[in-house]
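Student: The structure is given below, and queries will be raised subsequently.
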Amino acid sequence: MSYPKPVKKSPANYPNHHGQHRDDTDPTTPITAAVAWADAPAGQSNAARLPAIFISHGAPTLAIEQSATTSALARIGHNLPKPRAIIIMSAHWLSSKLEISSNPKPKTWHDFSGFDAKLHRIQYPVDGHAALAESLAQQLSARGIACSVNPLRVCDHGVWAPLRHLYPQADVPIVQVSLPQHYDSNACYQLGAQLAQLRDQQILIIGSGNITHNLKALRWQADSVDESAKDFKLWLLQQLKTDIPAALDWQQYPDYQNIHPSDEHLLPLFFALGAGQRVSVVHESMAHHSLGMDIYRFD
């Protein structure tokens, strides 16, 4: 399946890495990160192309767990070439329109309650990347995608909880993109497709949500498995492998609302899918009876 064609719109001028301005009259030109770094044009290194990744981040306690899921995240961070930056969509930043965080020092936001106090003391002191965020916003706007930068956005646990295992030194700068409330699976896919070639420029694209997410069905510390949730994720994985349009039409699945009563935790999957398409399973498991903890890689 080919990437969707972007909407044509009048061009926007923005500086390139030499401080000059260029006129992008063709909105189908791949989005680049070159303007974000002064030392070298992005995409001209010999580094291997990075994948896009979907992470099921589970409960906030993921940040302090040692489990098969956190071990899988650590392996990803160890095995991949170190990214120059991360672009991440979290289920926990819903917005009225697309926003891109340009906060150079985003604080660690403990956006939950009812958990152990030590979880609230964790800090993930990662840097943001304002130049990259502003460049992405300009280029997306030139393609007719309404967006703006947000210089105040902090890191929600959908970002820092998995990244604490992926890059424990907090030494890879991040740019977080929001999940607009009117976006569906196709819109998230198209946004990921717009950013796909950034993977050639040492940028890791991540969607952070959950492959299954019905909090009412959770059973804390249970060893049992919700077979209906497991069946859904197996079905969806098969569609991702063989029929992407069917995956995008995931609400065709019978009784899908018992797996995802709301869609915000699944939609980041389609953001990653748009950026990569060819899926492989990095990790598969269930937690707390009904919470799917799968991690997928898209190349």
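We name chains A, B, ... following the order of the structure tokens; residues begin at 1 in each chain, and ligands are numbered from 1 as shown.
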Sort by chain and increasing residue number a table of all residues of range 148-189 of chain A within 9 Å of range 202-220 of chain A, each with its closest pair of atoms and their distance in Å to one decimal, counting only C-alpha atoms, and write it as a Markdown table.
Tutor:
```
| residue | atom | partner | partner_atom | distance |
| --- | --- | --- | --- | --- |
| A:Gly158 | CA | A:Ser208 | CA | 6.0 |
| A:Val159 | CA | A:Ser208 | CA | 7.1 |
| A:Pro162 | CA | A:Ser208 | CA | 8.3 |
```
Student: Please provide the set of residues having any atom within 8 Å of His120 in chain A, restricted to only C-alpha atoms, with same-chain residues fewer than 3 positions apart removed, written as a ChimeraX atom specification.
Tutor: /A:110,116-117
Student: Taking only C-alpha atoms into account, which of A:Leu119, A:Ala229, A:Leu50, A:Ala272 comes nearest Ala161 in chain A?
Tutor: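 For Ala161 in chain A, the nearest of the candidates is A:Leu119.
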Student: Tell me which protein, DNA and RNA residues are within 12 Å of Leu80 in chain A, counting only C-alpha atoms, leaving out same-chain ones fewer than 2 positions away, and put them as a PyMOL selection string.
Tutor: chain A and resi 47-53+73-78+82-84+166-167+202-204+297
Student: Selection from above, N, CA and C atoms, as a CSV table (one decimal), in the first residue's frame, can you write it?
Tutor:
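Contents of out.csv, as written:
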```csv
chain,number,residue,atom,x,y,z
A,47,ALA,N,24.5,6.2,8.6
A,47,ALA,CA,23.8,5.4,9.6
A,47,ALA,C,22.6,4.7,9.0
A,48,ALA,N,22.3,3.5,9.6
A,48,ALA,CA,21.2,2.7,9.1
A,48,ALA,C,19.9,3.4,9.3
A,49,ARG,N,19.0,3.0,8.4
A,49,ARG,CA,17.6,3.6,8.6
A,49,ARG,C,17.0,3.1,9.8
A,50,LEU,N,16.4,4.0,10.6
A,50,LEU,CA,15.7,3.6,11.8
A,50,LEU,C,14.3,3.1,11.5
A,51,PRO,N,13.8,2.2,12.4
A,51,PRO,CA,12.4,1.8,12.2
A,51,PRO,C,11.4,2.9,12.8
A,52,ALA,N,10.2,2.6,12.7
A,52,ALA,CA,9.1,3.2,13.5
A,52,ALA,C,8.7,2.2,14.5
A,53,ILE,N,8.3,2.6,15.7
A,53,ILE,CA,8.0,1.6,16.8
A,53,ILE,C,6.6,2.0,17.4
A,73,LEU,N,12.1,-3.3,25.8
A,73,LEU,CA,12.4,-1.9,25.5
A,73,LEU,C,13.9,-1.7,25.6
A,74,ALA,N,14.5,-2.2,26.7
A,74,ALA,CA,16.0,-2.0,26.9
A,74,ALA,C,16.8,-2.6,25.7
A,75,ARG,N,16.3,-3.8,25.2
A,75,ARG,CA,17.0,-4.4,24.0
A,75,ARG,C,16.9,-3.5,22.8
A,76,ILE,N,15.8,-2.9,22.6
A,76,ILE,CA,15.6,-2.0,21.4
A,76,ILE,C,16.6,-0.8,21.5
A,77,GLY,N,16.7,-0.2,22.7
A,77,GLY,CA,17.6,0.9,22.9
A,77,GLY,C,19.0,0.5,22.7
A,78,HIS,N,19.4,-0.7,23.1
A,78,HIS,CA,20.7,-1.2,23.0
A,78,HIS,C,21.1,-1.6,21.5
A,82,LYS,N,22.0,4.7,17.8
A,82,LYS,CA,21.4,5.8,18.6
A,82,LYS,C,20.8,6.9,17.8
A,83,PRO,N,19.5,7.2,18.0
A,83,PRO,CA,18.9,8.3,17.2
A,83,PRO,C,19.4,9.6,17.5
A,84,ARG,N,19.3,10.5,16.6
A,84,ARG,CA,19.6,11.9,16.8
A,84,ARG,C,18.5,12.6,17.5
A,166,LEU,N,13.9,2.5,27.4
A,166,LEU,CA,14.5,2.5,26.1
A,166,LEU,C,15.8,3.3,26.1
A,167,TYR,N,15.9,4.5,26.7
A,167,TYR,CA,17.1,5.3,26.8
A,167,TYR,C,17.2,5.9,28.2
A,202,GLN,N,18.2,9.6,11.0
A,202,GLN,CA,18.6,9.3,12.3
A,202,GLN,C,17.5,9.8,13.3
A,203,ILE,N,16.2,9.7,12.9
A,203,ILE,CA,15.1,10.1,13.8
A,203,ILE,C,14.3,8.8,14.0
A,204,LEU,N,14.0,8.5,15.3
A,204,LEU,CA,13.2,7.4,15.7
A,204,LEU,C,11.7,7.9,15.9
A,297,ARG,N,7.5,-3.3,15.6
A,297,ARG,CA,8.5,-2.6,14.8
A,297,ARG,C,8.0,-2.5,13.4
```
Student: What's the 7 Å shell around His129 in chain A, counting only C-alpha atoms, without same-chain residues fewer than 5 positions away, as an NGL selection string?
Tutor: :A and (102 or 104 or 173-175)
Student: Let's have the selection written as an mmCIF file, in the first residue's frame, with N, CA, C and O atoms.
Tutor:
```cif
data_model
loop_
_atom_site.group_PDB
_atom_site.id
_atom_site.type_symbol
_atom_site.label_atom_id
_atom_site.label_comp_id
_atom_site.auth_asym_id
_atom_site.auth_seq_id
_atom_site.Cartn_x
_atom_site.Cartn_y
_atom_site.Cartn_z
ATOM 1 N N SER A 102 7.575 22.202 21.389
ATOM 2 C CA SER A 102 8.871 22.850 21.154
ATOM 3 C C SER A 102 9.542 23.231 22.468
ATOM 4 O O SER A 102 10.487 24.024 22.483
ATOM 5 N N PRO A 104 12.078 23.230 25.153
ATOM 6 C CA PRO A 104 13.467 22.740 25.145
ATOM 7 C C PRO A 104 13.821 21.917 26.375
ATOM 8 O O PRO A 104 14.767 21.131 26.333
ATOM 9 N N PRO A 173 17.102 13.659 22.524
ATOM 10 C CA PRO A 173 16.065 14.689 22.598
ATOM 11 C C PRO A 173 14.766 14.221 21.954
ATOM 12 O O PRO A 173 14.779 13.430 21.009
ATOM 13 N N ILE A 174 13.662 14.736 22.471
ATOM 14 C CA ILE A 174 12.345 14.317 21.987
ATOM 15 C C ILE A 174 11.548 15.494 21.455
ATOM 16 O O ILE A 174 11.706 16.637 21.902
ATOM 17 N N VAL A 175 10.699 15.190 20.501
ATOM 18 C CA VAL A 175 9.656 16.104 20.042
ATOM 19 C C VAL A 175 8.357 15.319 20.121
ATOM 20 O O VAL A 175 8.214 14.281 19.469
#
```
Student: Select, from A:Trp235, A:Phe298, A:Trp37, A:Trp250, the residue with the minimum atom-to-atom distance to Leu132 in chain A, counting only C-alpha atoms.
Tutor: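 Under the stated criterion, the closest residue is A:Trp37.
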Student: Where does DSSP see alpha helix (DSSP H) in range 25-151 of chain A, if you list the residues as a PyMOL selection string?
Tutor: chain A and resi 68-79+117-121+130-142
Student: Please, could you write that set of residues out with C-alpha atoms as a PDB file, in the first residue's frame?
Tutor:
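Just written: result-v5.pdb:
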```
ATOM      1  CA  ALA A  68       9.617  -8.972  29.847  1.00  0.00           C
ATOM      2  CA  THR A  69       8.170  -5.746  28.448  1.00  0.00           C
ATOM      3  CA  THR A  70      10.818  -3.506  29.990  1.00  0.00           C
ATOM      4  CA  SER A  71      13.554  -5.938  28.944  1.00  0.00           C
ATOM      5  CA  ALA A  72      12.288  -5.721  25.370  1.00  0.00           C
ATOM      6  CA  LEU A  73      12.420  -1.923  25.515  1.00  0.00           C
ATOM      7  CA  ALA A  74      15.974  -2.035  26.862  1.00  0.00           C
ATOM      8  CA  ARG A  75      17.023  -4.361  24.028  1.00  0.00           C
ATOM      9  CA  ILE A  76      15.603  -1.978  21.432  1.00  0.00           C
ATOM     10  CA  GLY A  77      17.597   0.896  22.889  1.00  0.00           C
ATOM     11  CA  HIS A  78      20.744  -1.236  22.978  1.00  0.00           C
ATOM     12  CA  ASN A  79      20.427  -2.737  19.506  1.00  0.00           C
ATOM     13  CA  ALA A 117       4.748   7.707  46.049  1.00  0.00           C
ATOM     14  CA  LYS A 118       8.115   6.679  44.606  1.00  0.00           C
ATOM     15  CA  LEU A 119       6.544   6.758  41.158  1.00  0.00           C
ATOM     16  CA  HIS A 120       5.827  10.453  41.665  1.00  0.00           C
ATOM     17  CA  ARG A 121       9.464  11.129  42.486  1.00  0.00           C
ATOM     18  CA  ALA A 130      12.679  23.376  19.481  1.00  0.00           C
ATOM     19  CA  ALA A 131      14.347  23.780  16.074  1.00  0.00           C
ATOM     20  CA  LEU A 132      13.143  20.383  14.896  1.00  0.00           C
ATOM     21  CA  ALA A 133       9.625  21.014  16.234  1.00  0.00           C
ATOM     22  CA  GLU A 134       9.370  24.365  14.491  1.00  0.00           C
ATOM     23  CA  SER A 135      10.708  22.952  11.245  1.00  0.00           C
ATOM     24  CA  LEU A 136       8.187  20.097  11.302  1.00  0.00           C
ATOM     25  CA  ALA A 137       5.323  22.492  12.006  1.00  0.00           C
ATOM     26  CA  GLN A 138       6.335  24.728   9.083  1.00  0.00           C
ATOM     27  CA  GLN A 139       6.672  21.843   6.674  1.00  0.00           C
ATOM     28  CA  LEU A 140       3.401  20.200   7.721  1.00  0.00           C
ATOM     29  CA  SER A 141       1.589  23.522   7.442  1.00  0.00           C
ATOM     30  CA  ALA A 142       2.946  23.893   3.900  1.00  0.00           C
TER      31      ALA A 142
END
```
Student: Would you compute the distance between CA of Gly144 in chain A and CA of Thr29 in chain A? Give it in Å to one decimal.
Tutor: 13.2 Å
Student: Leaving out Thr32 in chain A and any residue of its chain fewer than 3 positions from it, which residues lie within 8 Å of it when counting only C-alpha atoms, given as an mmCIF file with C-alpha atoms, in the first residue's frame?
Tutor:
```cif
data_model
loop_
_atom_site.group_PDB
_atom_site.id
_atom_site.type_symbol
_atom_site.label_atom_id
_atom_site.label_comp_id
_atom_site.auth_asym_id
_atom_site.auth_seq_id
_atom_site.Cartn_x
_atom_site.Cartn_y
_atom_site.Cartn_z
ATOM 1 C CA VAL A 35 17.086 22.624 9.066
ATOM 2 C CA ALA A 42 20.390 15.344 8.014
ATOM 3 C CA LEU A 136 8.187 20.097 11.302
ATOM 4 C CA GLN A 197 11.528 9.629 5.477
ATOM 5 C CA LEU A 198 12.784 11.186 8.704
ATOM 6 C CA GLN A 201 17.795 11.027 9.019
#
```
Student: Using only C-alpha atoms, which of A:Gln257, A:Gln239, A:Ser262, A:Gln123 sits nearest Asp156 in chain A?
Tutor: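 Looking at the shortest contact to Asp156 in chain A, the residue is A:Gln123.
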Student: Using only C-alpha atoms for the distances, tell me which of A:Trp160, A:Tyr189, A:Trp93, A:Phe232 is nearest to Glu264 in chain A.
Tutor: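 Checking each of A:Trp160, A:Tyr189, A:Trp93, A:Phe232 against Glu264 in chain A, counting only C-alpha atoms, the winner is A:Trp93.
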Student: From the list A:Glu99, A:Asp243, A:Glu284, A:Asp263, which residue is nearest Ile55 in chain A when using only C-alpha atoms?
Tutor: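 Of the candidates, the smallest distance to Ile55 in chain A is held by A:Glu284.
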Student: One decimal, Å: what's the distance from CA of Arg278 in chain A over to CA of Asp299 in chain A, could you say?
Tutor: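 If I compute the distance from CA of Arg278 in chain A to CA of Asp299 in chain A, I get 5.1 Å.
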Student: For Met293 in chain A, which residue among A:Gln194, A:Ser56, A:Gln221, A:Gln277 is the nearest when counting only C-alpha atoms?
Tutor: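 Distance minimum relative to Met293 in chain A lands on A:Ser56.
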Student: Taking the backbone alone, and naming residues the way the document does, which bits of range 46-240 of chain A are strand (DSSP E) by DSSP, as a compact mmCIF listing (two decimals) with N, CA and C atoms, in the first residue's frame?
Tutor:
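Result written to result.txt:
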```
# COMPACT_ATOMS: atom_id res chain seq x y z
N ALA A 52 10.15 2.64 12.67
CA ALA A 52 9.15 3.25 13.54
C ALA A 52 8.72 2.16 14.52
N ILE A 53 8.30 2.57 15.71
CA ILE A 53 7.97 1.60 16.75
C ILE A 53 6.64 1.95 17.39
N PHE A 54 5.83 0.94 17.66
CA PHE A 54 4.64 1.11 18.50
C PHE A 54 4.90 0.42 19.82
N ILE A 55 4.69 1.16 20.91
CA ILE A 55 4.92 0.65 22.26
C ILE A 55 3.60 0.64 23.03
N SER A 56 3.26 -0.51 23.59
CA SER A 56 2.17 -0.58 24.57
C SER A 56 2.77 -0.22 25.93
N ALA A 85 17.24 12.10 17.34
CA ALA A 85 16.06 12.63 18.03
C ALA A 85 14.96 11.59 17.95
N ILE A 86 13.94 11.78 18.78
CA ILE A 86 12.75 10.94 18.79
C ILE A 86 11.54 11.84 18.52
N ILE A 87 10.67 11.39 17.63
CA ILE A 87 9.35 12.01 17.47
C ILE A 87 8.34 11.01 18.00
N ILE A 88 7.55 11.41 18.98
CA ILE A 88 6.67 10.47 19.68
C ILE A 88 5.26 11.01 19.81
N MET A 89 4.28 10.16 19.51
CA MET A 89 2.87 10.44 19.76
C MET A 89 2.41 9.58 20.93
N SER A 90 1.87 10.22 21.96
CA SER A 90 1.37 9.52 23.14
C SER A 90 -0.15 9.60 23.19
N ALA A 91 -0.75 8.55 23.70
CA ALA A 91 -2.20 8.54 23.90
C ALA A 91 -2.66 9.58 24.90
N HIS A 92 -1.72 10.15 25.66
CA HIS A 92 -2.09 11.04 26.76
C HIS A 92 -1.93 12.52 26.45
N TRP A 93 -1.79 12.85 25.16
CA TRP A 93 -1.86 14.26 24.78
C TRP A 93 -2.91 14.42 23.70
N LEU A 94 -4.14 14.65 24.15
CA LEU A 94 -5.24 14.92 23.24
C LEU A 94 -5.38 16.42 23.06
N SER A 95 -5.71 16.86 21.87
CA SER A 95 -5.75 18.29 21.57
C SER A 95 -6.84 18.56 20.55
N LEU A 98 -3.62 19.58 15.74
CA LEU A 98 -2.28 19.01 15.87
C LEU A 98 -1.33 20.04 16.49
N GLU A 99 -0.68 19.64 17.56
CA GLU A 99 0.35 20.46 18.19
C GLU A 99 1.65 19.68 18.25
N ILE A 100 2.75 20.42 18.22
CA ILE A 100 4.08 19.83 18.26
C ILE A 100 4.85 20.53 19.37
N SER A 101 5.36 19.76 20.31
CA SER A 101 6.04 20.35 21.47
C SER A 101 7.39 20.92 21.08
N CYS A 147 -1.43 22.86 12.10
CA CYS A 147 -0.68 22.51 13.30
C CYS A 147 -0.01 23.76 13.86
N SER A 148 0.47 23.65 15.09
CA SER A 148 1.18 24.74 15.73
C SER A 148 2.16 24.16 16.73
N VAL A 149 3.17 24.95 17.11
CA VAL A 149 4.10 24.49 18.14
C VAL A 149 3.55 24.86 19.51
N ASN A 150 3.91 24.06 20.50
CA ASN A 150 3.51 24.29 21.89
C ASN A 150 4.80 24.33 22.72
N ILE A 174 13.66 14.74 22.47
CA ILE A 174 12.35 14.32 21.99
C ILE A 174 11.55 15.49 21.46
N VAL A 175 10.70 15.19 20.50
CA VAL A 175 9.66 16.10 20.04
C VAL A 175 8.36 15.32 20.12
N GLN A 176 7.43 15.78 20.95
CA GLN A 176 6.15 15.09 21.09
C GLN A 176 5.12 15.74 20.18
N VAL A 177 4.36 14.90 19.49
CA VAL A 177 3.24 15.39 18.69
C VAL A 177 1.94 14.96 19.38
N SER A 178 0.95 15.82 19.32
CA SER A 178 -0.30 15.54 20.00
C SER A 178 -1.17 14.60 19.16
N LEU A 179 -2.24 14.14 19.78
CA LEU A 179 -3.25 13.33 19.11
C LEU A 179 -4.53 14.17 19.03
N PRO A 180 -4.79 14.80 17.89
CA PRO A 180 -6.00 15.61 17.76
C PRO A 180 -7.26 14.78 17.97
N ILE A 203 16.25 9.71 12.94
CA ILE A 203 15.14 10.06 13.82
C ILE A 203 14.28 8.83 14.03
N LEU A 204 14.00 8.53 15.29
CA LEU A 204 13.18 7.38 15.67
C LEU A 204 11.75 7.86 15.88
N ILE A 205 10.81 7.25 15.18
CA ILE A 205 9.39 7.61 15.27
C ILE A 205 8.69 6.57 16.13
N ILE A 206 7.97 7.05 17.16
CA ILE A 206 7.33 6.16 18.14
C ILE A 206 5.87 6.53 18.31
N GLY A 207 5.01 5.53 18.33
CA GLY A 207 3.64 5.67 18.81
C GLY A 207 3.54 4.96 20.14
N SER A 208 3.01 5.64 21.15
CA SER A 208 2.92 5.07 22.51
C SER A 208 1.46 5.03 22.95
N GLY A 209 0.94 3.80 23.09
CA GLY A 209 -0.44 3.62 23.50
C GLY A 209 -0.63 2.27 24.14
```
Student: What does the distance between CA of Gly276 in chain A and CA of Asp184 in chain A come to in Å, to one decimal place?
Tutor: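 Calculated distance between CA of Gly276 in chain A and CA of Asp184 in chain A is 17.9 Å.
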Student: Give me, as a PyMOL selection string, all polymer residues having an atom no more than 8 Å from Lys241 in chain A, counting only C-alpha atoms and skipping those fewer than 3 positions away in the same chain.
Tutor: chain A and resi 237-238+244+278-279
